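Novice: Contents of entry.pdb (PDB, C-alpha atoms and all ligand atoms) are below:
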```
ATOM      1  CA  MET A  34     -25.790  -1.343  -8.588  1.00  0.00           C
ATOM      2  CA  SER A  35     -25.892  -3.760  -5.684  1.00  0.00           C
ATOM      3  CA  GLU A  36     -29.535  -3.357  -4.578  1.00  0.00           C
ATOM      4  CA  ASN A  37     -30.747  -6.767  -5.816  1.00  0.00           C
ATOM      5  CA  THR A  38     -27.761  -8.804  -4.696  1.00  0.00           C
ATOM      6  CA  ILE A  39     -27.699 -11.085  -1.695  1.00  0.00           C
ATOM      7  CA  LYS A  40     -24.520 -11.904   0.182  1.00  0.00           C
ATOM      8  CA  GLN A  41     -23.480 -15.523  -0.303  1.00  0.00           C
ATOM      9  CA  ILE A  42     -21.860 -17.472   2.520  1.00  0.00           C
ATOM     10  CA  TYR A  43     -18.729 -19.377   1.512  1.00  0.00           C
ATOM     11  CA  SER A  44     -18.111 -22.841   2.889  1.00  0.00           C
ATOM     12  CA  LEU A  45     -14.546 -21.988   3.879  1.00  0.00           C
ATOM     13  CA  SER A  46     -13.820 -19.016   6.141  1.00  0.00           C
ATOM     14  CA  ARG A  47     -10.850 -16.733   6.586  1.00  0.00           C
ATOM     15  CA  GLU A  48     -10.232 -18.470   9.900  1.00  0.00           C
ATOM     16  CA  ASN A  49     -10.077 -21.872   8.153  1.00  0.00           C
ATOM     17  CA  ARG A  50      -7.432 -20.483   5.818  1.00  0.00           C
ATOM     18  CA  GLU A  51      -5.439 -18.760   8.557  1.00  0.00           C
ATOM     19  CA  ASN A  52      -5.404 -21.997  10.532  1.00  0.00           C
ATOM     20  CA  LYS A  53      -4.207 -23.957   7.534  1.00  0.00           C
ATOM     21  CA  TYR A  54      -1.480 -21.411   6.706  1.00  0.00           C
ATOM     22  CA  GLY A  55      -0.441 -21.024  10.343  1.00  0.00           C
ATOM     23  CA  HIS A  56      -0.533 -17.228  10.406  1.00  0.00           C
ATOM     24  CA  SER A  57      -2.951 -14.288  10.477  1.00  0.00           C
ATOM     25  CA  SER A  58      -3.826 -12.437   7.314  1.00  0.00           C
ATOM     26  CA  TYR A  59      -3.612  -8.655   7.223  1.00  0.00           C
ATOM     27  CA  LEU A  60      -2.863  -5.657   5.028  1.00  0.00           C
ATOM     28  CA  VAL A  61       0.273  -3.530   5.173  1.00  0.00           C
ATOM     29  CA  TRP A  62      -0.486  -0.267   3.394  1.00  0.00           C
ATOM     30  CA  PHE A  63       2.532   1.798   2.339  1.00  0.00           C
ATOM     31  CA  THR A  64       1.855   5.474   1.664  1.00  0.00           C
ATOM     32  CA  GLY A  65       4.390   8.092   0.579  1.00  0.00           C
ATOM     33  CA  LEU A  66       5.613  10.233  -2.289  1.00  0.00           C
ATOM     34  CA  SER A  67       6.670   8.763  -5.612  1.00  0.00           C
ATOM     35  CA  GLY A  68      10.225   7.512  -5.098  1.00  0.00           C
ATOM     36  CA  SER A  69       9.923   7.429  -1.314  1.00  0.00           C
ATOM     37  CA  GLY A  70      10.588   3.682  -1.247  1.00  0.00           C
ATOM     38  CA  LYS A  71       7.130   2.073  -1.040  1.00  0.00           C
ATOM     39  CA  SER A  72       7.722  -0.589  -3.711  1.00  0.00           C
ATOM     40  CA  THR A  73      11.273  -1.284  -2.580  1.00  0.00           C
ATOM     41  CA  LEU A  74      10.214  -1.844   1.023  1.00  0.00           C
ATOM     42  CA  ALA A  75       7.052  -3.797   0.148  1.00  0.00           C
ATOM     43  CA  ASN A  76       9.094  -6.183  -2.012  1.00  0.00           C
ATOM     44  CA  ALA A  77      11.911  -6.537   0.518  1.00  0.00           C
ATOM     45  CA  LEU A  78       9.395  -7.208   3.284  1.00  0.00           C
ATOM     46  CA  GLU A  79       7.528  -9.727   1.163  1.00  0.00           C
ATOM     47  CA  LYS A  80      10.747 -11.665   0.556  1.00  0.00           C
ATOM     48  CA  LYS A  81      11.371 -11.888   4.307  1.00  0.00           C
ATOM     49  CA  LEU A  82       7.811 -12.975   5.073  1.00  0.00           C
ATOM     50  CA  PHE A  83       7.963 -15.483   2.222  1.00  0.00           C
ATOM     51  CA  GLN A  84      11.166 -16.924   3.679  1.00  0.00           C
ATOM     52  CA  GLN A  85       9.228 -17.376   6.929  1.00  0.00           C
ATOM     53  CA  GLU A  86       6.784 -19.568   4.958  1.00  0.00           C
ATOM     54  CA  LYS A  87       4.044 -16.924   5.040  1.00  0.00           C
ATOM     55  CA  HIS A  88       1.521 -16.544   2.221  1.00  0.00           C
ATOM     56  CA  THR A  89       1.982 -13.097   0.736  1.00  0.00           C
ATOM     57  CA  TYR A  90       1.230 -10.843  -2.222  1.00  0.00           C
ATOM     58  CA  VAL A  91       2.257  -7.338  -3.298  1.00  0.00           C
ATOM     59  CA  LEU A  92      -0.170  -4.898  -4.932  1.00  0.00           C
ATOM     60  CA  ASP A  93       1.694  -1.992  -6.537  1.00  0.00           C
ATOM     61  CA  GLY A  94       0.412   1.285  -8.024  1.00  0.00           C
ATOM     62  CA  ASP A  95       2.223   1.077 -11.348  1.00  0.00           C
ATOM     63  CA  ASN A  96       1.102  -2.510 -12.024  1.00  0.00           C
ATOM     64  CA  ILE A  97      -2.496  -2.116 -10.917  1.00  0.00           C
ATOM     65  CA  ARG A  98      -2.829   1.017 -13.014  1.00  0.00           C
ATOM     66  CA  GLN A  99      -1.731  -0.926 -16.103  1.00  0.00           C
ATOM     67  CA  GLY A 100      -4.428  -3.538 -15.525  1.00  0.00           C
ATOM     68  CA  ILE A 101      -7.643  -3.376 -13.569  1.00  0.00           C
ATOM     69  CA  ASN A 102      -7.402   0.403 -13.035  1.00  0.00           C
ATOM     70  CA  ARG A 103      -6.201   1.408 -16.481  1.00  0.00           C
ATOM     71  CA  ASP A 104      -9.326   3.528 -16.936  1.00  0.00           C
ATOM     72  CA  LEU A 105      -8.381   5.874 -14.068  1.00  0.00           C
ATOM     73  CA  ASP A 106      -6.359   9.092 -14.194  1.00  0.00           C
ATOM     74  CA  PHE A 107      -4.446  11.047 -11.535  1.00  0.00           C
ATOM     75  CA  SER A 108      -7.183  13.576 -10.770  1.00  0.00           C
ATOM     76  CA  GLU A 109      -8.482  13.589  -7.182  1.00  0.00           C
ATOM     77  CA  LYS A 110     -11.493  11.559  -8.340  1.00  0.00           C
ATOM     78  CA  GLY A 111      -9.343   9.083 -10.294  1.00  0.00           C
ATOM     79  CA  ARG A 112      -7.006   8.520  -7.357  1.00  0.00           C
ATOM     80  CA  SER A 113      -9.911   8.110  -4.964  1.00  0.00           C
ATOM     81  CA  GLU A 114     -11.571   5.428  -7.130  1.00  0.00           C
ATOM     82  CA  ASN A 115      -8.175   3.759  -7.670  1.00  0.00           C
ATOM     83  CA  LEU A 116      -7.701   3.451  -3.917  1.00  0.00           C
ATOM     84  CA  ARG A 117     -11.287   2.342  -3.237  1.00  0.00           C
ATOM     85  CA  ARG A 118     -10.867  -0.543  -5.691  1.00  0.00           C
ATOM     86  CA  ILE A 119      -7.494  -1.536  -4.218  1.00  0.00           C
ATOM     87  CA  ALA A 120      -9.032  -1.539  -0.760  1.00  0.00           C
ATOM     88  CA  GLU A 121     -11.813  -3.860  -1.987  1.00  0.00           C
ATOM     89  CA  ILE A 122      -9.250  -6.133  -3.669  1.00  0.00           C
ATOM     90  CA  SER A 123      -7.140  -6.132  -0.493  1.00  0.00           C
ATOM     91  CA  LYS A 124     -10.218  -7.153   1.497  1.00  0.00           C
ATOM     92  CA  LEU A 125     -10.582 -10.228  -0.724  1.00  0.00           C
ATOM     93  CA  PHE A 126      -6.905 -11.090  -0.307  1.00  0.00           C
ATOM     94  CA  ILE A 127      -7.213 -10.799   3.479  1.00  0.00           C
ATOM     95  CA  ASP A 128     -10.242 -13.079   3.335  1.00  0.00           C
ATOM     96  CA  ALA A 129      -8.139 -15.519   1.300  1.00  0.00           C
ATOM     97  CA  GLY A 130      -5.699 -15.711   4.222  1.00  0.00           C
ATOM     98  CA  ILE A 131      -2.940 -13.751   2.519  1.00  0.00           C
ATOM     99  CA  ILE A 132      -0.644 -11.128   4.002  1.00  0.00           C
ATOM    100  CA  THR A 133      -1.120  -8.322   1.499  1.00  0.00           C
ATOM    101  CA  LEU A 134       1.366  -5.522   0.942  1.00  0.00           C
ATOM    102  CA  ALA A 135      -0.037  -2.507  -0.886  1.00  0.00           C
ATOM    103  CA  ALA A 136       2.230   0.260  -2.214  1.00  0.00           C
ATOM    104  CA  PHE A 137       0.249   3.305  -3.334  1.00  0.00           C
ATOM    105  CA  ILE A 138       0.948   7.010  -2.984  1.00  0.00           C
ATOM    106  CA  SER A 139      -2.530   7.398  -1.437  1.00  0.00           C
ATOM    107  CA  PRO A 140      -1.988  11.125  -0.901  1.00  0.00           C
ATOM    108  CA  LEU A 141      -5.186  12.173   0.858  1.00  0.00           C
ATOM    109  CA  GLU A 142      -6.206  11.467   4.444  1.00  0.00           C
ATOM    110  CA  LYS A 143      -9.878  11.022   3.482  1.00  0.00           C
ATOM    111  CA  ASP A 144      -9.012   8.228   1.031  1.00  0.00           C
ATOM    112  CA  ARG A 145      -6.716   6.536   3.555  1.00  0.00           C
ATOM    113  CA  GLU A 146      -9.521   6.688   6.128  1.00  0.00           C
ATOM    114  CA  ARG A 147     -11.913   5.074   3.658  1.00  0.00           C
ATOM    115  CA  ILE A 148      -9.416   2.260   3.012  1.00  0.00           C
ATOM    116  CA  LYS A 149      -9.450   1.520   6.759  1.00  0.00           C
ATOM    117  CA  GLU A 150     -13.254   1.544   6.790  1.00  0.00           C
ATOM    118  CA  ILE A 151     -13.386  -0.914   3.871  1.00  0.00           C
ATOM    119  CA  VAL A 152     -10.907  -3.465   5.220  1.00  0.00           C
ATOM    120  CA  GLY A 153     -11.589  -2.890   8.922  1.00  0.00           C
ATOM    121  CA  ASN A 154      -9.197  -1.097  11.263  1.00  0.00           C
ATOM    122  CA  LYS A 155      -7.878  -4.222  12.925  1.00  0.00           C
ATOM    123  CA  ASN A 156      -6.807  -5.725   9.600  1.00  0.00           C
ATOM    124  CA  ILE A 157      -4.551  -2.914   8.400  1.00  0.00           C
ATOM    125  CA  VAL A 158      -1.215  -1.403   9.310  1.00  0.00           C
ATOM    126  CA  GLU A 159      -0.665   2.017   7.759  1.00  0.00           C
ATOM    127  CA  VAL A 160       3.018   2.569   7.054  1.00  0.00           C
ATOM    128  CA  TYR A 161       4.135   6.086   6.232  1.00  0.00           C
ATOM    129  CA  VAL A 162       7.296   5.940   4.143  1.00  0.00           C
ATOM    130  CA  GLU A 163       8.782   9.259   5.179  1.00  0.00           C
ATOM    131  CA  THR A 164      11.169  10.641   2.586  1.00  0.00           C
ATOM    132  CA  SER A 165      11.538  14.314   1.763  1.00  0.00           C
ATOM    133  CA  LEU A 166      10.421  15.610  -1.606  1.00  0.00           C
ATOM    134  CA  GLN A 167      14.003  16.774  -2.115  1.00  0.00           C
ATOM    135  CA  THR A 168      15.353  13.222  -1.769  1.00  0.00           C
ATOM    136  CA  CYS A 169      12.565  11.681  -3.888  1.00  0.00           C
ATOM    137  CA  GLU A 170      13.281  14.224  -6.586  1.00  0.00           C
ATOM    138  CA  LYS A 171      17.004  13.544  -6.384  1.00  0.00           C
ATOM    139  CA  ARG A 172      16.367   9.796  -6.723  1.00  0.00           C
ATOM    140  CA  ASP A 173      13.915  10.402  -9.588  1.00  0.00           C
ATOM    141  CA  VAL A 174      13.815   6.644 -10.249  1.00  0.00           C
ATOM    142  CA  LYS A 175      11.564   6.930 -13.297  1.00  0.00           C
ATOM    143  CA  GLY A 176      12.452  10.446 -14.491  1.00  0.00           C
ATOM    144  CA  LEU A 177       8.909  11.594 -13.659  1.00  0.00           C
ATOM    145  CA  TYR A 178       9.883  14.517 -11.401  1.00  0.00           C
ATOM    146  CA  LYS A 179      11.974  15.958 -14.223  1.00  0.00           C
ATOM    147  CA  LYS A 180       9.008  15.676 -16.571  1.00  0.00           C
ATOM    148  CA  ALA A 181       6.670  17.201 -13.972  1.00  0.00           C
ATOM    149  CA  ARG A 182       9.034  20.163 -13.412  1.00  0.00           C
ATOM    150  CA  LYS A 183       9.148  20.720 -17.165  1.00  0.00           C
ATOM    151  CA  GLY A 184       5.333  20.689 -17.249  1.00  0.00           C
ATOM    152  CA  GLU A 185       5.208  17.513 -19.343  1.00  0.00           C
ATOM    153  CA  ILE A 186       3.180  15.720 -16.632  1.00  0.00           C
ATOM    154  CA  HIS A 187       0.408  17.430 -14.710  1.00  0.00           C
ATOM    155  CA  ASN A 188      -1.110  16.637 -11.298  1.00  0.00           C
ATOM    156  CA  PHE A 189       2.156  15.103 -10.138  1.00  0.00           C
ATOM    157  CA  THR A 190       2.164  14.399  -6.399  1.00  0.00           C
ATOM    158  CA  GLY A 191       4.388  16.814  -4.485  1.00  0.00           C
ATOM    159  CA  ILE A 192       4.742  19.150  -7.464  1.00  0.00           C
ATOM    160  CA  ASP A 193       1.270  20.260  -8.534  1.00  0.00           C
ATOM    161  CA  SER A 194      -0.874  17.783  -6.634  1.00  0.00           C
ATOM    162  CA  PRO A 195      -0.995  17.525  -2.818  1.00  0.00           C
ATOM    163  CA  TYR A 196       0.413  14.897  -0.451  1.00  0.00           C
ATOM    164  CA  GLN A 197      -1.083  15.077   3.040  1.00  0.00           C
ATOM    165  CA  THR A 198       1.235  13.672   5.700  1.00  0.00           C
ATOM    166  CA  PRO A 199      -0.598  10.863   7.543  1.00  0.00           C
ATOM    167  CA  LYS A 200      -2.067  12.122  10.825  1.00  0.00           C
ATOM    168  CA  ASN A 201      -1.829   8.925  12.793  1.00  0.00           C
ATOM    169  CA  PRO A 202       0.111   6.190  10.968  1.00  0.00           C
ATOM    170  CA  ASP A 203       0.744   2.878  12.721  1.00  0.00           C
ATOM    171  CA  PHE A 204       4.371   2.862  11.652  1.00  0.00           C
ATOM    172  CA  VAL A 205       6.696   5.514  10.237  1.00  0.00           C
ATOM    173  CA  ILE A 206       9.870   4.593   8.409  1.00  0.00           C
ATOM    174  CA  ASN A 207      12.303   7.266   7.345  1.00  0.00           C
ATOM    175  CA  THR A 208      14.354   6.054   4.384  1.00  0.00           C
ATOM    176  CA  GLU A 209      16.936   8.796   4.756  1.00  0.00           C
ATOM    177  CA  GLU A 210      17.811   7.554   8.241  1.00  0.00           C
ATOM    178  CA  ASN A 211      17.368   3.791   7.659  1.00  0.00           C
ATOM    179  CA  THR A 212      18.867   1.576   4.982  1.00  0.00           C
ATOM    180  CA  ILE A 213      16.503  -0.732   3.063  1.00  0.00           C
ATOM    181  CA  GLU A 214      17.671  -3.639   5.255  1.00  0.00           C
ATOM    182  CA  GLU A 215      17.181  -1.711   8.522  1.00  0.00           C
ATOM    183  CA  ALA A 216      13.756  -0.440   7.500  1.00  0.00           C
ATOM    184  CA  THR A 217      12.608  -3.906   6.444  1.00  0.00           C
ATOM    185  CA  GLN A 218      13.879  -5.552   9.612  1.00  0.00           C
ATOM    186  CA  LYS A 219      12.165  -2.971  11.851  1.00  0.00           C
ATOM    187  CA  LEU A 220       8.892  -3.446  10.039  1.00  0.00           C
ATOM    188  CA  LEU A 221       9.169  -7.222  10.136  1.00  0.00           C
ATOM    189  CA  THR A 222       9.780  -7.194  13.892  1.00  0.00           C
ATOM    190  CA  TYR A 223       6.775  -4.908  14.415  1.00  0.00           C
ATOM    191  CA  LEU A 224       4.453  -7.057  12.273  1.00  0.00           C
ATOM    192  CA  ASN A 225       5.533 -10.394  13.704  1.00  0.00           C
ATOM    193  CA  LYS A 226       4.875  -9.051  17.206  1.00  0.00           C
ATOM    194  CA  LYS A 227       1.550  -7.411  16.358  1.00  0.00           C
ATOM    195  CA  PHE A 228       0.166 -10.401  14.464  1.00  0.00           C
ATOM    196  CA  SER A 229       1.864 -13.188  16.369  1.00  0.00           C
ATOM    197  CA  THR A 230      -0.219 -16.355  16.144  1.00  0.00           C
ATOM    198  CA  SER A 231       1.225 -18.008  19.250  1.00  0.00           C
TER
HETATM  199  N1  LIG B 301       0.626  12.507 -11.865  1.00  0.00           N
HETATM  200  C1  LIG B 301       1.171  11.496 -11.186  1.00  0.00           C
HETATM  201  N2  LIG B 301       1.296  11.593  -9.842  1.00  0.00           N
HETATM  202  C2  LIG B 301       1.831  10.562  -9.160  1.00  0.00           C
HETATM  203  N3  LIG B 301       2.300   9.408  -9.729  1.00  0.00           N
HETATM  204  C3  LIG B 301       2.194   9.290 -11.060  1.00  0.00           C
HETATM  205  C4  LIG B 301       1.634  10.315 -11.854  1.00  0.00           C
HETATM  206  N4  LIG B 301       1.666   9.924 -13.149  1.00  0.00           N
HETATM  207  C5  LIG B 301       2.209   8.700 -13.176  1.00  0.00           C
HETATM  208  N5  LIG B 301       2.534   8.303 -11.927  1.00  0.00           N
HETATM  209  C6  LIG B 301       3.044   6.950 -11.610  1.00  0.00           C
HETATM  210  O1  LIG B 301       1.975   6.286 -10.953  1.00  0.00           O
HETATM  211  C7  LIG B 301       2.374   5.747  -9.712  1.00  0.00           C
HETATM  212  C8  LIG B 301       1.415   6.139  -8.594  1.00  0.00           C
HETATM  213  O2  LIG B 301       0.215   5.457  -8.700  1.00  0.00           O
HETATM  214  P1  LIG B 301      -0.700   5.240  -7.427  1.00  0.00           P
HETATM  215  O3  LIG B 301      -1.817   4.370  -7.861  1.00  0.00           O
HETATM  216  O4  LIG B 301       0.135   4.760  -6.303  1.00  0.00           O
HETATM  217  O5  LIG B 301      -1.207   6.725  -7.100  1.00  0.00           O
HETATM  218  S1  LIG B 301      -2.416   7.161  -6.154  1.00  0.00           S
HETATM  219  O6  LIG B 301      -2.318   6.399  -4.900  1.00  0.00           O
HETATM  220  O7  LIG B 301      -3.669   6.882  -6.856  1.00  0.00           O
HETATM  221  O8  LIG B 301      -2.225   8.610  -5.934  1.00  0.00           O
HETATM  222  C9  LIG B 301       3.727   6.354  -9.402  1.00  0.00           C
HETATM  223  O9  LIG B 301       4.470   5.266  -8.885  1.00  0.00           O
HETATM  224  P2  LIG B 301       5.422   5.359  -7.599  1.00  0.00           P
HETATM  225  O10 LIG B 301       6.595   6.156  -8.075  1.00  0.00           O
HETATM  226  O11 LIG B 301       5.762   3.932  -7.320  1.00  0.00           O
HETATM  227  O12 LIG B 301       4.708   6.011  -6.458  1.00  0.00           O
HETATM  228  C10 LIG B 301       4.249   6.884 -10.718  1.00  0.00           C
HETATM  229  O13 LIG B 301       5.139   5.947 -11.303  1.00  0.00           O
HETATM  230  N1  LIG B 302      16.259   3.205   2.760  1.00  0.00           N
HETATM  231  C1  LIG B 302      15.659   3.062   1.587  1.00  0.00           C
HETATM  232  N2  LIG B 302      14.418   2.509   1.519  1.00  0.00           N
HETATM  233  C2  LIG B 302      13.775   2.381   0.336  1.00  0.00           C
HETATM  234  N3  LIG B 302      14.295   2.761  -0.852  1.00  0.00           N
HETATM  235  C3  LIG B 302      15.531   3.314  -0.841  1.00  0.00           C
HETATM  236  C4  LIG B 302      16.257   3.494   0.371  1.00  0.00           C
HETATM  237  N4  LIG B 302      17.437   4.069   0.075  1.00  0.00           N
HETATM  238  C5  LIG B 302      17.468   4.237  -1.247  1.00  0.00           C
HETATM  239  N5  LIG B 302      16.326   3.780  -1.834  1.00  0.00           N
HETATM  240  C6  LIG B 302      16.051   3.798  -3.278  1.00  0.00           C
HETATM  241  O1  LIG B 302      14.970   4.690  -3.523  1.00  0.00           O
HETATM  242  C7  LIG B 302      14.205   4.244  -4.624  1.00  0.00           C
HETATM  243  C8  LIG B 302      12.761   4.117  -4.187  1.00  0.00           C
HETATM  244  O2  LIG B 302      11.977   3.787  -5.317  1.00  0.00           O
HETATM  245  P1  LIG B 302      10.601   2.999  -5.198  1.00  0.00           P
HETATM  246  O3  LIG B 302      10.715   1.891  -4.225  1.00  0.00           O
HETATM  247  O4  LIG B 302      10.176   2.668  -6.591  1.00  0.00           O
HETATM  248  O5  LIG B 302       9.661   4.127  -4.566  1.00  0.00           O
HETATM  249  P2  LIG B 302       8.086   4.269  -4.663  1.00  0.00           P
HETATM  250  O6  LIG B 302       7.496   2.905  -4.820  1.00  0.00           O
HETATM  251  O7  LIG B 302       7.704   4.919  -3.366  1.00  0.00           O
HETATM  252  O8  LIG B 302       7.821   5.147  -5.844  1.00  0.00           O
HETATM  253  C9  LIG B 302      14.795   2.916  -5.081  1.00  0.00           C
HETATM  254  O9  LIG B 302      15.681   3.148  -6.163  1.00  0.00           O
HETATM  255  C10 LIG B 302      15.582   2.465  -3.837  1.00  0.00           C
HETATM  256  O10 LIG B 302      16.683   1.635  -4.153  1.00  0.00           O
END
```
If you took the structure in this file and wrote it as structure tokens, what would it be?
Specialist:
Amino acid sequence: MSENTIKQIYSLSRENRENKYGHSSYLVWFTGLSGSGKSTLANALEKKLFQQEKHTYVLDGDNIRQGINRDLDFSEKGRSENLRRIAEISKLFIDAGIITLAAFISPLEKDRERIKEIVGNKNIVEVYVETSLQTCEKRDVKGLYKKARKGEIHNFTGIDSPYQTPKNPDFVINTEENTIEEATQKLLTYLNKKFSTS
């Protein structure tokens, strides 16, 4: 409960940090099916930003769910709370001056809208990693689709749990038409233009 808490003002602001680091801070939110390429692209993009001396960090579904969100399942409620917490964490990272790359399936429009409300529309770029279920299932990086088809995993996104295609993403990258390098370069160009500090 937050009713008896009072917001504290920090002595250093986000602006102080952005000025020191020489770049804006923002959140790149990757959404897409399991195996669509979210983690691959978030990591490849981070490397490029890092090489440009930017301060960055990747938040990834699998890792977060083994730590801070280990109490949450893959029901609609569990996913929603998972994403709410990640949005709050991302907000702190943005305040810390860091370019944050978040890779989460985030299957429902209502949860993606809430993420934007939490971090503020101007601070987030929603990237839809567009890859067909057929291709994701063919890749089956972790063998999870096979398990889901056999009924060994339930509520698996795309099989027996929904994925709603984003209505109005800021950026769409199709990984069947773009190589990892092409996709990363296109995204980098877009971000550097959108958040140029000059
Ligand atoms: N039932 C079910 N459905 C979907 N995914 C599952 C499930 N069970 C485990 N996994 C693994 O968890 C990763 C997705 O976690 P997320 O936190 O990104 O999911 S969500 O945004 O809360 O929907 C997902 O990682 P990615 O493949 O990187 O997307 C899977 O490895
Ligand atoms: N153009 C591409 N973009 C991203 N990933 C690709 C591409 N082509 C092939 N892949 C492969 O697809 C897989 C995507 O897995 P991953 O990044 O873990 O997806 P997700 O995080 O969405 O579950 C990786 O094995 C990656 O090498």
Novice: Counting only C-alpha atoms and all ligand atoms, what residues are within 7 Å of ligand LIG 302 (chain B), given as a VMD selection string?
Specialist: chain A and resid 65 to 74 136 172 174 208 to 209 211 to 213 216
Novice: May I ask which of the residues A:Gly191, A:Gly130, A:Gly153, A:Pro199 is the closest one to Leu177 of chain A, counting all atoms listed in the file?
Specialist: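 Going through A:Gly191, A:Gly130, A:Gly153, A:Pro199 one by one, the smallest distance to Leu177 of chain A is for A:Gly191.
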Novice: Which of these, A:Lys227, A:Thr164, A:Ser44, A:Phe126, has the shortest distance to Glu210 of chain A once you count only C-alpha atoms?
Specialist: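 With only C-alpha atoms as the atom set, the closest residue is A:Thr164.
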Novice: Please write out, as JSON, where the centre of an axis-aligned box around all listed atoms of ligand LIG 301 (chain B) lies and how long its edges are, in Å to one decimal, after adding 6 Å on each side.
Specialist:
```
{"center_x": 1.5, "center_y": 8.2, "center_z": -9.0, "size_x": 22.3, "size_y": 20.6, "size_z": 20.3}
```
Novice: Using all atoms listed in the file, find the one residue out of A:Thr217, A:Gln197, A:Asn49, A:Ser57 that sits nearest to ligand LIG 301 (chain B).
Specialist: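 Of A:Thr217, A:Gln197, A:Asn49, A:Ser57, the one nearest ligand LIG 301 (chain B), counting all atoms listed in the file, is A:Gln197.
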Novice: Which protein, DNA or RNA residues have an atom within 9 Å of ligand LIG 301 (chain B), counting only C-alpha atoms and all ligand atoms, as an NGL selection string?
Specialist: :A and (64-73 or 93-98 or 102 or 105-109 or 111-116 or 119 or 136-141 or 173-175 or 177 or 181 or 186-194 or 196)
Novice: What gap, in Å, lies between atom CA of Ala75 of chain A and atom CA of Val61 of chain A?
Specialist: 8.4 Å
Novice: Counting all atoms listed in the file, which of A:Leu60, A:Ile206, A:Leu166, A:Val160 gets nearest to Ser123 of chain A?
Specialist: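 So, comparing all the options, the nearest one is A:Leu60.
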Novice: I'd like to know which of A:Tyr178, A:Ala129, A:Asn156, A:Phe83 is closest to Lys53 of chain A, using only C-alpha atoms.
Specialist: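 With only C-alpha atoms as the atom set, the closest residue is A:Ala129.
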Novice: Please enumerate the residues selected by the PyMOL selection byres (((chain A and resi 80) around 12) and not hetatm) when evaluated against the supplied file, formatted as a ChimeraX atom specification.
Specialist: /A:73-79,81-91,132,134,214,217-218,221
Novice: Just to confirm, what's the straight-line distance from atom CA of Tyr223 of chain A to atom CA of Ser58 of chain A in Å (one decimal)?
Specialist: 14.8 Å
Novice: Using Å and a single decimal, report how far atom CA of Ala135 of chain A sits from atom CA of Leu92 of chain A.
Specialist: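 These atoms are spaced 4.7 Å apart.
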Novice: Smallest atom-to-atom distance to Lys110 of chain A: which of A:Lys155, A:Lys180, A:His56, A:Lys143, using all atoms listed in the file?
Specialist: A:Lys143
